[in-house]
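Below is work.txt, holding compact mmCIF, C-alpha atoms.
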```
# COMPACT_ATOMS: atom_id res chain seq x y z
CA MET A 303 41.63 11.00 -7.50
CA LYS A 304 43.32 11.76 -4.12
CA ARG A 305 42.30 11.55 -0.50
CA ALA A 306 40.81 14.57 1.26
CA GLY A 307 43.30 17.06 2.59
CA HIS A 308 45.33 17.07 -0.61
CA LYS A 309 44.81 19.83 -3.10
CA VAL A 310 44.08 18.92 -6.70
CA VAL A 311 45.12 21.55 -9.22
CA VAL A 312 42.48 21.91 -11.91
CA GLY A 313 43.99 24.72 -13.98
CA THR A 314 47.47 26.29 -13.91
CA GLU A 315 48.31 28.90 -16.50
CA ALA A 316 51.84 28.89 -17.90
CA PRO A 317 53.42 32.33 -18.63
CA GLN A 318 53.18 31.82 -22.38
CA THR A 319 49.50 30.80 -22.38
CA SER A 320 47.48 33.05 -24.67
CA HIS A 321 44.48 35.10 -23.58
CA THR A 322 42.27 32.90 -25.77
CA SER A 323 43.44 29.69 -24.08
CA LYS A 324 42.81 31.20 -20.66
CA LYS A 325 39.29 32.14 -21.67
CA GLN A 326 38.61 28.64 -22.99
CA LYS A 327 39.76 27.07 -19.71
CA THR A 328 37.63 29.46 -17.69
CA ASN A 329 34.56 28.66 -19.76
CA PHE A 330 35.15 24.91 -19.44
CA TYR A 331 35.50 24.83 -15.67
CA GLY A 332 32.83 27.45 -15.26
CA SER A 333 30.35 25.25 -17.12
CA VAL A 334 31.20 22.13 -15.11
CA LEU A 335 31.73 23.51 -11.60
CA GLY A 336 29.76 26.76 -11.69
CA GLU A 337 31.00 30.35 -11.75
CA GLY A 338 31.72 30.29 -8.01
CA ALA A 339 34.20 27.45 -8.43
CA LEU A 340 36.77 29.36 -10.49
CA CYS A 341 39.61 28.90 -8.03
CA PRO A 342 43.14 27.72 -8.83
CA SER A 343 42.71 24.56 -6.72
CA MET A 344 39.94 22.40 -5.33
CA ASP A 345 39.50 20.17 -2.28
CA TRP A 346 37.54 17.16 -3.63
CA GLY A 347 36.52 16.21 -0.10
CA SER A 348 34.61 19.47 0.32
CA LEU A 349 32.30 19.03 -2.68
CA PRO A 350 28.61 19.37 -1.75
CA HIS A 351 26.76 16.12 -1.03
CA HIS A 352 24.43 16.53 -4.01
CA VAL A 353 27.39 16.88 -6.41
CA ILE A 354 29.11 13.74 -5.09
CA LEU A 355 25.80 11.90 -5.19
CA ARG A 356 25.34 12.86 -8.83
CA VAL A 357 28.85 11.58 -9.66
CA PHE A 358 28.21 8.29 -7.84
CA GLN A 359 25.04 7.71 -9.86
CA PHE A 360 27.14 7.46 -13.03
CA LEU A 361 29.61 4.96 -11.57
CA THR A 362 29.46 1.20 -11.70
CA LEU A 363 28.97 -0.50 -8.36
CA VAL A 364 32.64 -1.50 -8.13
CA ASP A 365 33.87 2.02 -8.94
CA ARG A 366 31.34 3.48 -6.52
CA ALA A 367 32.63 1.25 -3.73
CA ARG A 368 36.23 2.26 -4.52
CA ALA A 369 35.30 5.94 -4.57
CA SER A 370 33.70 5.57 -1.13
CA SER A 371 37.18 4.97 0.33
CA VAL A 372 38.49 8.38 -0.81
CA CYS A 373 37.40 10.09 2.40
CA ARG A 374 34.81 10.03 5.16
CA ARG A 375 32.53 12.46 3.32
CA TRP A 376 32.45 10.31 0.20
CA ASN A 377 31.79 7.24 2.33
CA GLU A 378 28.81 9.02 3.87
CA VAL A 379 27.42 9.74 0.41
CA PHE A 380 27.98 6.09 -0.54
CA HIS A 381 25.32 5.16 2.03
CA ILE A 382 22.74 7.81 1.18
CA PRO A 383 19.39 5.98 0.59
CA ASP A 384 18.89 7.61 -2.82
CA LEU A 385 21.80 5.56 -4.18
CA TRP A 386 20.17 2.29 -3.15
CA ARG A 387 16.66 2.64 -4.50
CA ARG A 388 17.72 0.91 -7.74
CA PHE A 389 19.97 -2.11 -7.60
CA GLU A 390 20.81 -5.09 -9.81
CA PHE A 391 22.29 -8.18 -8.21
CA GLU A 392 24.49 -10.04 -10.67
CA LEU A 393 25.06 -13.66 -9.69
CA SER A 394 27.21 -16.02 -11.71
CA GLN A 395 29.74 -18.82 -11.64
CA PRO A 396 33.12 -17.50 -12.88
CA ALA A 397 33.91 -20.59 -14.95
CA THR A 398 30.71 -20.49 -16.99
CA SER A 399 29.56 -16.89 -17.21
CA TYR A 400 30.50 -13.52 -18.68
CA LEU A 401 28.62 -11.68 -15.91
CA LYS A 402 30.56 -9.87 -13.19
CA SER A 403 29.17 -11.28 -9.99
CA THR A 404 28.26 -8.90 -7.16
CA HIS A 405 30.71 -9.60 -4.33
CA PRO A 406 29.11 -11.62 -1.45
CA ASP A 407 30.48 -9.19 1.19
CA LEU A 408 28.87 -6.27 -0.61
CA ILE A 409 25.57 -8.17 -0.85
CA GLN A 410 25.57 -8.70 2.90
CA GLN A 411 26.38 -5.03 3.48
CA ILE A 412 23.48 -4.03 1.23
CA ILE A 413 21.07 -6.35 3.04
CA LYS A 414 22.25 -5.11 6.44
CA ARG A 415 22.24 -1.39 5.72
CA HIS A 416 19.99 -0.81 2.71
CA ALA A 417 17.32 -3.52 2.48
CA ASP A 418 14.67 -1.03 3.58
CA HIS A 419 15.82 1.44 0.86
CA LEU A 420 15.58 -0.97 -2.09
CA GLN A 421 12.64 -0.19 -4.37
CA TYR A 422 13.61 -1.18 -7.92
CA VAL A 423 15.44 -4.50 -7.75
CA SER A 424 16.49 -7.03 -10.36
CA PHE A 425 18.43 -10.26 -10.17
CA LYS A 426 20.46 -11.19 -13.25
CA VAL A 427 21.72 -14.77 -13.12
CA ASP A 428 23.58 -17.05 -15.51
CA SER A 429 22.43 -20.54 -16.45
CA SER A 430 23.73 -22.26 -13.31
CA THR A 431 21.46 -23.58 -10.57
CA GLU A 432 23.89 -22.25 -7.95
CA SER A 433 23.36 -18.66 -9.13
CA ALA A 434 19.57 -19.02 -9.07
CA GLU A 435 19.68 -20.54 -5.58
CA ALA A 436 21.87 -17.65 -4.42
CA ALA A 437 19.25 -15.22 -5.75
CA CYS A 438 16.56 -17.06 -3.78
CA ASP A 439 18.69 -16.86 -0.63
CA ILE A 440 18.98 -13.09 -1.03
CA LEU A 441 15.24 -12.72 -1.64
CA SER A 442 14.60 -14.63 1.58
CA GLN A 443 16.55 -12.00 3.53
CA LEU A 444 14.62 -8.97 2.23
CA VAL A 445 12.20 -8.97 5.15
CA ASN A 446 12.35 -5.20 5.72
CA CYS A 447 12.04 -4.18 2.07
CA SER A 448 9.42 -2.10 0.35
CA ILE A 449 10.08 -3.14 -3.23
CA LYS A 450 8.03 -1.62 -6.05
CA THR A 451 9.66 -3.35 -9.02
CA LEU A 452 11.10 -6.87 -9.02
CA GLY A 453 12.75 -8.58 -11.98
CA LEU A 454 14.22 -12.10 -12.10
CA ILE A 455 16.28 -12.37 -15.29
CA SER A 456 17.98 -15.52 -16.57
CA THR A 457 20.60 -14.78 -19.19
CA ALA A 458 20.38 -18.41 -20.30
CA LYS A 459 18.28 -21.42 -19.40
CA PRO A 460 17.68 -23.35 -17.17
CA SER A 461 18.73 -21.25 -14.13
CA PHE A 462 15.62 -20.62 -11.97
CA MET A 463 13.79 -23.60 -13.48
CA ASN A 464 16.30 -25.94 -11.82
CA VAL A 465 15.66 -24.52 -8.34
CA SER A 466 13.20 -26.51 -6.23
CA LYS A 467 9.70 -25.06 -6.47
CA ALA A 468 9.41 -24.95 -2.67
CA HIS A 469 12.65 -22.97 -2.30
CA PHE A 470 11.68 -20.50 -5.00
CA ALA A 471 8.12 -20.02 -3.75
CA SER A 472 9.31 -19.54 -0.17
CA ALA A 473 11.80 -16.84 -1.21
CA LEU A 474 9.30 -15.04 -3.41
CA THR A 475 6.66 -15.15 -0.67
CA VAL A 476 8.96 -13.15 1.62
CA VAL A 477 8.99 -10.29 -0.88
CA PHE A 478 5.27 -10.55 -1.69
CA VAL A 479 4.28 -10.44 1.99
CA ASN A 480 6.67 -7.75 3.18
CA SER A 481 6.64 -5.28 0.30
CA LYS A 482 2.90 -4.58 0.03
CA SER A 483 3.57 -2.01 -2.70
CA LEU A 484 4.68 -4.09 -5.69
CA SER A 485 3.65 -2.48 -8.95
CA SER A 486 5.81 -4.30 -11.54
CA ILE A 487 6.97 -7.93 -11.54
CA LYS A 488 8.93 -9.82 -14.20
CA VAL A 489 9.34 -13.52 -13.40
CA ASP A 490 9.73 -15.25 -16.78
CA ASP A 491 11.10 -18.81 -16.88
CA THR A 492 10.63 -19.46 -13.16
CA PRO A 493 8.80 -22.03 -10.95
CA LEU A 494 6.16 -19.42 -10.02
CA ASP A 495 2.93 -21.22 -9.09
CA ASP A 496 -0.72 -20.50 -8.25
CA PRO A 497 -0.23 -20.34 -4.43
CA SER A 498 2.52 -17.72 -4.98
CA LEU A 499 0.14 -15.65 -7.09
CA LYS A 500 -2.49 -15.82 -4.36
CA VAL A 501 0.02 -14.47 -1.84
CA LEU A 502 0.95 -11.72 -4.31
CA VAL A 503 -2.68 -10.74 -4.80
CA ALA A 504 -3.50 -10.87 -1.09
CA ASN A 505 -0.76 -8.35 -0.28
CA ASN A 506 -0.39 -6.18 -3.40
CA SER A 507 -3.75 -6.17 -5.19
CA ASP A 508 -4.11 -2.38 -4.91
CA THR A 509 -0.68 -1.59 -6.38
CA LEU A 510 0.07 -4.27 -9.02
CA LYS A 511 0.10 -2.78 -12.54
CA LEU A 512 2.44 -5.03 -14.54
CA LEU A 513 2.85 -8.81 -14.35
CA LYS A 514 5.17 -10.53 -16.84
CA MET A 515 5.32 -14.29 -16.36
CA SER A 516 5.86 -16.08 -19.66
CA SER A 517 7.13 -19.67 -19.54
CA CYS A 518 6.00 -20.40 -16.00
CA PRO A 519 4.69 -23.98 -16.37
CA HIS A 520 3.40 -24.24 -12.79
CA VAL A 521 0.89 -21.41 -13.29
CA SER A 522 -2.60 -22.42 -14.40
CA PRO A 523 -5.45 -20.40 -15.92
CA ALA A 524 -7.02 -20.40 -12.44
CA GLY A 525 -3.96 -18.59 -11.08
CA ILE A 526 -4.24 -15.89 -13.71
CA LEU A 527 -7.98 -15.56 -13.07
CA CYS A 528 -7.16 -14.90 -9.43
CA VAL A 529 -4.96 -11.99 -10.51
CA ALA A 530 -7.53 -10.73 -13.01
CA ASP A 531 -10.31 -10.81 -10.42
CA GLN A 532 -8.43 -9.02 -7.63
CA CYS A 533 -5.88 -6.64 -9.20
CA HIS A 534 -8.12 -3.92 -10.55
CA GLY A 535 -5.20 -1.62 -11.33
CA LEU A 536 -3.53 -4.14 -13.65
CA LYS A 537 -2.40 -2.39 -16.85
CA GLU A 538 0.05 -4.84 -18.45
CA LEU A 539 -0.03 -8.63 -18.52
CA ALA A 540 2.37 -11.00 -20.29
CA LEU A 541 1.80 -14.74 -20.40
CA ASN A 542 2.05 -17.87 -22.53
CA TYR A 543 -0.70 -18.79 -24.96
CA TYR A 544 -1.38 -22.09 -23.19
CA ILE A 545 -2.74 -20.09 -20.21
CA LEU A 546 -4.91 -17.86 -22.39
CA SER A 547 -8.57 -18.84 -22.46
CA ASP A 548 -11.98 -17.47 -23.32
CA GLU A 549 -12.74 -17.39 -19.60
CA LEU A 550 -9.66 -15.28 -18.86
CA LEU A 551 -10.45 -12.78 -21.64
CA LEU A 552 -14.00 -12.45 -20.35
CA ALA A 553 -12.68 -11.91 -16.82
CA LEU A 554 -10.40 -9.14 -18.10
CA SER A 555 -13.46 -7.66 -19.83
CA SER A 556 -15.51 -7.43 -16.63
CA GLU A 557 -16.91 -4.02 -15.77
CA LYS A 558 -15.18 -4.06 -12.38
CA HIS A 559 -11.77 -3.89 -14.07
CA VAL A 560 -9.97 -0.79 -15.27
CA ASP A 561 -8.79 -0.77 -18.86
CA LEU A 562 -5.93 -3.15 -19.68
CA GLU A 563 -3.35 -1.31 -21.79
CA HIS A 564 -1.01 -4.13 -22.90
CA LEU A 565 -1.58 -7.86 -23.25
CA ARG A 566 1.48 -9.77 -24.44
CA ILE A 567 1.10 -13.40 -25.49
CA ASP A 568 4.05 -15.69 -26.22
CA VAL A 569 3.13 -18.56 -28.53
CA VAL A 570 6.01 -20.99 -28.18
CA SER A 571 6.40 -24.54 -29.45
CA GLU A 572 7.48 -26.66 -26.48
CA ASN A 573 6.94 -30.12 -28.00
CA PRO A 574 6.62 -29.84 -31.81
CA GLY A 575 3.93 -32.10 -33.19
CA GLN A 576 2.75 -33.24 -29.75
CA VAL A 577 0.68 -30.28 -28.57
CA GLU A 578 -2.25 -28.73 -30.43
CA PHE A 579 -2.94 -25.09 -29.75
CA HIS A 580 -6.51 -24.29 -28.72
CA PRO A 581 -8.51 -21.60 -30.54
CA ILE A 582 -9.89 -18.47 -28.86
CA LYS A 583 -13.41 -17.40 -29.81
CA LYS A 584 -13.93 -14.16 -31.68
CA GLN A 585 -16.58 -13.16 -29.11
CA SER A 586 -13.99 -13.29 -26.33
CA TRP A 587 -11.57 -11.06 -28.22
CA ASP A 588 -14.39 -8.66 -29.05
CA ALA A 589 -15.41 -8.44 -25.38
CA LEU A 590 -11.87 -7.46 -24.37
CA VAL A 591 -11.61 -4.73 -27.03
CA LYS A 592 -15.07 -3.41 -26.21
CA HIS A 593 -14.09 -3.10 -22.56
CA SER A 594 -10.57 -1.76 -23.25
CA PRO A 595 -10.66 -0.08 -26.70
CA GLN A 596 -7.04 1.12 -26.53
CA VAL A 597 -5.52 -2.22 -25.50
CA ASN A 598 -2.40 -3.33 -27.38
CA ILE A 599 -2.46 -7.08 -28.00
CA VAL A 600 1.06 -8.28 -28.78
CA MET A 601 1.77 -11.81 -30.00
CA TYR A 602 5.22 -13.39 -30.35
CA PHE A 603 5.26 -16.59 -32.40
CA PHE A 604 7.99 -19.22 -32.19
CA LEU A 605 6.23 -22.09 -33.97
CA TYR A 606 6.82 -24.50 -36.80
CA GLU A 607 4.73 -24.05 -39.93
CA GLU A 608 2.34 -26.93 -39.24
CA GLU A 609 1.46 -25.50 -35.80
CA PHE A 610 -0.10 -22.25 -37.06
CA ASP A 611 -3.37 -23.83 -38.11
CA VAL A 612 -5.68 -22.39 -35.39
CA PHE A 613 -4.46 -18.80 -35.57
CA PHE A 614 -6.09 -15.86 -37.41
CA ARG A 615 -8.82 -17.92 -39.07
CA GLU A 616 -11.29 -15.38 -37.68
CA GLU A 617 -10.94 -11.67 -37.08
CA THR A 618 -8.44 -11.12 -34.26
CA PRO A 619 -7.80 -7.70 -32.67
CA VAL A 620 -4.02 -8.19 -32.44
CA THR A 621 -1.97 -4.99 -32.80
CA HIS A 622 1.63 -6.26 -32.87
CA VAL A 623 2.75 -9.57 -34.42
CA TYR A 624 6.30 -10.96 -34.40
CA PHE A 625 7.18 -14.18 -36.21
CA GLY A 626 10.46 -15.51 -34.85
CA ARG A 627 10.57 -18.47 -37.23
CA ALA A 628 9.59 -19.03 -40.85
CA VAL A 629 5.93 -18.40 -41.63
CA SER A 630 4.00 -19.37 -44.75
CA LYS A 631 2.48 -17.11 -47.40
CA ALA A 632 -0.94 -18.47 -46.42
CA MET A 633 -0.46 -17.36 -42.82
CA LEU A 634 0.53 -13.85 -43.90
CA GLY A 635 -2.53 -13.83 -46.13
CA ARG A 636 -4.68 -14.50 -43.04
CA ILE A 637 -2.98 -11.60 -41.27
CA GLY A 638 -4.08 -9.31 -44.09
CA MET A 639 -7.64 -10.63 -44.00
CA ASN A 640 -8.30 -10.85 -40.25
CA CYS A 641 -6.14 -8.35 -38.34
CA PRO A 642 -7.67 -4.90 -38.95
CA ARG A 643 -6.10 -3.40 -35.79
CA LEU A 644 -2.54 -4.37 -36.80
CA ILE A 645 0.06 -1.69 -36.01
CA GLU A 646 3.36 -3.57 -36.33
CA LEU A 647 4.42 -6.71 -38.20
CA VAL A 648 7.85 -8.36 -38.10
CA VAL A 649 8.59 -11.44 -40.20
CA CYS A 650 11.89 -13.11 -39.41
CA ALA A 651 11.76 -15.56 -42.33
CA ASN A 652 9.46 -16.88 -45.03
CA GLY A 653 11.21 -18.79 -47.75
CA LEU A 654 11.85 -18.25 -51.43
CA GLN A 655 8.39 -17.18 -52.60
CA PRO A 656 7.85 -13.43 -53.15
CA LEU A 657 5.36 -11.88 -50.72
CA ASP A 658 4.14 -9.10 -53.02
CA GLN A 659 0.41 -9.81 -52.86
CA GLU A 660 0.42 -10.60 -49.14
CA LEU A 661 2.14 -7.31 -48.28
CA ILE A 662 -0.14 -5.27 -50.54
CA GLN A 663 -3.21 -6.88 -48.98
CA ILE A 664 -1.88 -6.12 -45.48
CA ALA A 665 -1.29 -2.49 -46.49
CA GLN A 666 -4.82 -2.19 -47.93
CA ARG A 667 -6.74 -3.80 -45.06
CA CYS A 668 -4.61 -2.91 -42.02
CA LYS A 669 -5.22 0.83 -41.95
CA ASN A 670 -3.32 1.32 -38.66
CA LEU A 671 -0.09 -0.31 -39.83
CA THR A 672 2.87 1.96 -39.04
CA ALA A 673 5.81 -0.45 -38.63
CA MET A 674 7.11 -3.30 -40.78
CA GLY A 675 10.21 -5.48 -40.57
CA LEU A 676 11.28 -8.22 -43.01
CA GLY A 677 14.24 -10.58 -42.54
CA GLU A 678 14.90 -13.69 -44.61
CA CYS A 679 12.03 -13.15 -47.08
CA GLU A 680 11.65 -12.14 -50.71
CA VAL A 681 9.66 -9.35 -52.32
CA THR A 682 10.09 -7.77 -55.73
CA CYS A 683 11.06 -4.13 -55.90
CA ARG A 684 7.83 -3.32 -57.73
CA GLY A 685 5.72 -5.18 -55.16
CA PHE A 686 7.50 -3.50 -52.27
CA LEU A 687 7.03 -0.06 -53.79
CA GLU A 688 3.31 -0.73 -54.25
CA PHE A 689 3.11 -1.71 -50.55
CA VAL A 690 4.80 1.57 -49.58
CA LYS A 691 2.51 3.60 -51.87
CA VAL A 692 -0.58 2.18 -50.17
CA CYS A 693 0.79 2.84 -46.67
CA GLY A 694 2.31 6.21 -47.46
CA GLY A 695 3.68 8.44 -44.75
CA ARG A 696 2.04 6.47 -41.91
CA LEU A 697 4.94 3.99 -42.08
CA THR A 698 7.10 5.44 -39.34
CA GLN A 699 9.32 2.35 -39.11
CA LEU A 700 10.40 0.34 -42.12
CA SER A 701 13.25 -2.11 -41.62
CA ILE A 702 13.93 -4.28 -44.68
CA MET A 703 17.14 -6.20 -45.32
CA GLU A 704 18.68 -5.39 -48.69
CA GLU A 705 18.81 -9.12 -49.52
CA VAL A 706 14.99 -9.27 -49.29
CA LEU A 707 14.45 -6.98 -52.29
CA ILE A 708 14.53 -8.57 -55.77
CA PRO A 709 15.41 -6.11 -58.58
CA ASP A 710 13.10 -6.34 -61.61
CA SER A 711 12.85 -4.82 -65.07
CA ASP A 712 11.35 -1.60 -63.65
CA TYR A 713 13.35 -0.91 -60.50
CA THR A 714 16.94 -1.27 -59.41
CA LEU A 715 17.79 -0.93 -55.72
CA ASP A 716 19.13 2.58 -56.32
CA ARG A 717 15.97 3.74 -58.00
CA LEU A 718 13.82 1.94 -55.41
CA HIS A 719 15.29 3.80 -52.45
CA LEU A 720 14.54 7.12 -54.17
CA GLU A 721 10.94 6.16 -54.93
CA VAL A 722 10.32 4.77 -51.43
CA SER A 723 11.85 7.90 -49.88
CA LYS A 724 9.49 10.05 -51.94
CA HIS A 725 6.38 8.22 -50.72
CA LEU A 726 7.52 8.07 -47.11
CA GLY A 727 8.37 11.76 -47.09
CA ARG A 728 11.85 11.10 -45.69
CA MET A 729 15.13 9.54 -46.78
CA TRP A 730 15.03 5.72 -46.64
CA PHE A 731 17.57 2.99 -47.36
CA PRO A 732 17.28 -0.78 -46.93
CA ASP A 733 19.25 -2.33 -44.07
CA MET A 734 22.51 -4.02 -44.94
CA MET A 735 23.81 -7.29 -43.55
CA PRO A 736 26.83 -6.59 -41.29
CA THR A 737 30.07 -8.04 -42.61
CA TRP A 738 31.76 -8.69 -39.29
```

As structure tokens, please, write out the structure in this file.
Amino acid sequence: MKRAGHKVVVGTEAPQTSHTSKKQKTNFYGSVLGEGALCPSMDWGSLPHHVILRVFQFLTLVDRARASSVCRRWNEVFHIPDLWRRFEFELSQPATSYLKSTHPDLIQQIIKRHADHLQYVSFKVDSSTESAEAACDILSQLVNCSIKTLGLISTAKPSFMNVSKAHFASALTVVFVNSKSLSSIKVDDTPLDDPSLKVLVANNSDTLKLLKMSSCPHVSPAGILCVADQCHGLKELALNYYILSDELLLALSSEKHVDLEHLRIDVVSENPGQVEFHPIKKQSWDALVKHSPQVNIVMYFFLYEEEFDVFFREETPVTHVYFGRAVSKAMLGRIGMNCPRLIELVVCANGLQPLDQELIQIAQRCKNLTAMGLGECEVTCRGFLEFVKVCGGRLTQLSIMEEVLIPDSDYTLDRLHLEVSKHLGRMWFPDMMPTW
């Protein structure tokens, strides 16, 4: 890459070059630069703005900044608002992080010249408190912004949770008050609290569609009810199970609300053996599904076996279930009995007892099941084939580790993959454990 004023030769034919080679070069440059650009040399500084802009959109921030110094024209493109609608601030401490931190001088330039252009913004921070505090400082300066999407992402804990609640809430309030058009917010693992949610609702109730706030211990059910009561355009909500209540489900089922499309619930063991999970009444679940028949209810479980007792003892309209830790055969049996809307099931681990009957029961009773994943579990080849036969071609995703399948007197792994492929209507192989 050279500065403007210099000519960059893009194709020079040697005397011995064949006619075929010349034609290939012409086709190549014609396809990239257009038929009108078939000249022996090109002035990079005279490229149209929209072409330079398109190139810049593929560059990393550092490379984009370097490219802006090529010439005045490229520097002008560097500051076109379209380039600054999406931006990710990366904040880290060099000694403890693999992230490449956004340079402080560049951050100040962005705030000075492009704060009012930012619309889709995320902050990715490492585990250090200093990085999280720096993110809060930047948020506090976005007084002229009109952000639509905001994401606060911790690559490792504790990060934002170590920032003082007052500092965090003050910074977030600046964005909530000034944007007035927020539609999507992701603030997992942060000190978000009820007063912050009230400010959010007061200024963005007509635009908010997605709120993801799992592991926010300062938020109470009352705070979520405030959102449910005021944000009638809410389509997606993600929260921890400890906030979920019959009252909240009934509020989301009120006639004044539009249909909720996705409800994600994280069921996480914070203090094993010290906290009992509360049950949710079947009537409350039924009210939600009656009001929003197409709602996807997604549950992520990170519990120990003895903590599962209150779940799925009655019919539950869950559609996606992910078990991140070992789960018992009895629990999977309850899934088969009481989850008729189930679409996807992922079991990270079970133990050393084959799950043949549990899987077959799930296939028979969960008529909407289309995706299954099994990790550290066991199932006989015959049992697995029977499960596939019952599901048939509706299984669009089937991810099973090879180590899960136990060969028996009827089926080897080679024969099993042929039989499963036949019933699925496509070629299928079990997943293999990587060796690196």

* Asked: Which residues, written as a ChimeraX atom specification, have at least one atom at most 10 Å from stretch 423-426 of chain A, with all atoms listed in the file counted and residues fewer than 6 positions away on the same chain left out?
  -> /A:386-394,401,403,433-434,436-438,440-441,449-457,487-488

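Pairwise distance (atom CA of A:Asp716, atom CA of A:Glu704) equals 11.0 Å.
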
Expressed in Å, the length from atom CA of A:Glu607 to atom CA of A:Ala628 is 7.0 Å

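The two atoms in question, atom CA of A:Leu539 and atom CA of A:Leu510, are spaced 10.5 Å apart.
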
For A:Ile702, the closest of A:Glu678, A:Glu609, A:Asp495, A:Asp439 counting all atoms listed in the file is A:Glu678

Name the residues in contact with A:Glu608 at a cut-off of 12 Å, using all atoms listed in the file, excluding same-chain residues fewer than 3 positions from it; report them as a ChimeraX atom specification. /A:571,574-579,604-605,611-613,627-630,632-633

ask   = Could you pull the residues within 8 Å of stretch 650-661 of chain A, counting all atoms listed in the file, minus those fewer than 6 positions along the same chain, as a list in words?
value = Tyr624, Phe625, Gly626, Arg627, Ala628, Val629, Ser630, Lys631, Leu634, Gly635, Gly638, Gly675, Leu676, Gly677, Glu678, Cys679, Glu680, Val681, Thr682, Gly685, Phe686 and Phe689 of chain A

Using all atoms listed in the file, determine which residues lie at most 12 Å from stretch 546-552 of chain A, disregarding the query and same-chain residues fewer than 5 positions distant; provide the list as a PDB file with C-alpha atoms, keeping the file's coordinate frame.
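So out_39.pdb came out as:
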```
ATOM      1  CA  SER A 516       5.860 -16.080 -19.660  1.00  0.00           C
ATOM      2  CA  VAL A 521       0.890 -21.410 -13.290  1.00  0.00           C
ATOM      3  CA  SER A 522      -2.600 -22.420 -14.400  1.00  0.00           C
ATOM      4  CA  PRO A 523      -5.450 -20.400 -15.920  1.00  0.00           C
ATOM      5  CA  ALA A 524      -7.020 -20.400 -12.440  1.00  0.00           C
ATOM      6  CA  GLY A 525      -3.960 -18.590 -11.080  1.00  0.00           C
ATOM      7  CA  ILE A 526      -4.240 -15.890 -13.710  1.00  0.00           C
ATOM      8  CA  LEU A 527      -7.980 -15.560 -13.070  1.00  0.00           C
ATOM      9  CA  CYS A 528      -7.160 -14.900  -9.430  1.00  0.00           C
ATOM     10  CA  VAL A 529      -4.960 -11.990 -10.510  1.00  0.00           C
ATOM     11  CA  ALA A 530      -7.530 -10.730 -13.010  1.00  0.00           C
ATOM     12  CA  ASP A 531     -10.310 -10.810 -10.420  1.00  0.00           C
ATOM     13  CA  LEU A 539      -0.030  -8.630 -18.520  1.00  0.00           C
ATOM     14  CA  ALA A 540       2.370 -11.000 -20.290  1.00  0.00           C
ATOM     15  CA  LEU A 541       1.800 -14.740 -20.400  1.00  0.00           C
ATOM     16  CA  GLU A 557     -16.910  -4.020 -15.770  1.00  0.00           C
ATOM     17  CA  LYS A 558     -15.180  -4.060 -12.380  1.00  0.00           C
ATOM     18  CA  HIS A 559     -11.770  -3.890 -14.070  1.00  0.00           C
ATOM     19  CA  LEU A 562      -5.930  -3.150 -19.680  1.00  0.00           C
ATOM     20  CA  LEU A 565      -1.580  -7.860 -23.250  1.00  0.00           C
ATOM     21  CA  ARG A 566       1.480  -9.770 -24.440  1.00  0.00           C
ATOM     22  CA  ILE A 567       1.100 -13.400 -25.490  1.00  0.00           C
ATOM     23  CA  ASP A 568       4.050 -15.690 -26.220  1.00  0.00           C
ATOM     24  CA  VAL A 569       3.130 -18.560 -28.530  1.00  0.00           C
ATOM     25  CA  PHE A 579      -2.940 -25.090 -29.750  1.00  0.00           C
ATOM     26  CA  HIS A 580      -6.510 -24.290 -28.720  1.00  0.00           C
ATOM     27  CA  PRO A 581      -8.510 -21.600 -30.540  1.00  0.00           C
ATOM     28  CA  ILE A 582      -9.890 -18.470 -28.860  1.00  0.00           C
ATOM     29  CA  LYS A 583     -13.410 -17.400 -29.810  1.00  0.00           C
ATOM     30  CA  LYS A 584     -13.930 -14.160 -31.680  1.00  0.00           C
ATOM     31  CA  GLN A 585     -16.580 -13.160 -29.110  1.00  0.00           C
ATOM     32  CA  SER A 586     -13.990 -13.290 -26.330  1.00  0.00           C
ATOM     33  CA  TRP A 587     -11.570 -11.060 -28.220  1.00  0.00           C
ATOM     34  CA  ASP A 588     -14.390  -8.660 -29.050  1.00  0.00           C
ATOM     35  CA  ALA A 589     -15.410  -8.440 -25.380  1.00  0.00           C
ATOM     36  CA  LEU A 590     -11.870  -7.460 -24.370  1.00  0.00           C
ATOM     37  CA  VAL A 591     -11.610  -4.730 -27.030  1.00  0.00           C
ATOM     38  CA  LYS A 592     -15.070  -3.410 -26.210  1.00  0.00           C
ATOM     39  CA  HIS A 593     -14.090  -3.100 -22.560  1.00  0.00           C
ATOM     40  CA  SER A 594     -10.570  -1.760 -23.250  1.00  0.00           C
ATOM     41  CA  ILE A 599      -2.460  -7.080 -28.000  1.00  0.00           C
ATOM     42  CA  MET A 601       1.770 -11.810 -30.000  1.00  0.00           C
TER      43      MET A 601
END
```
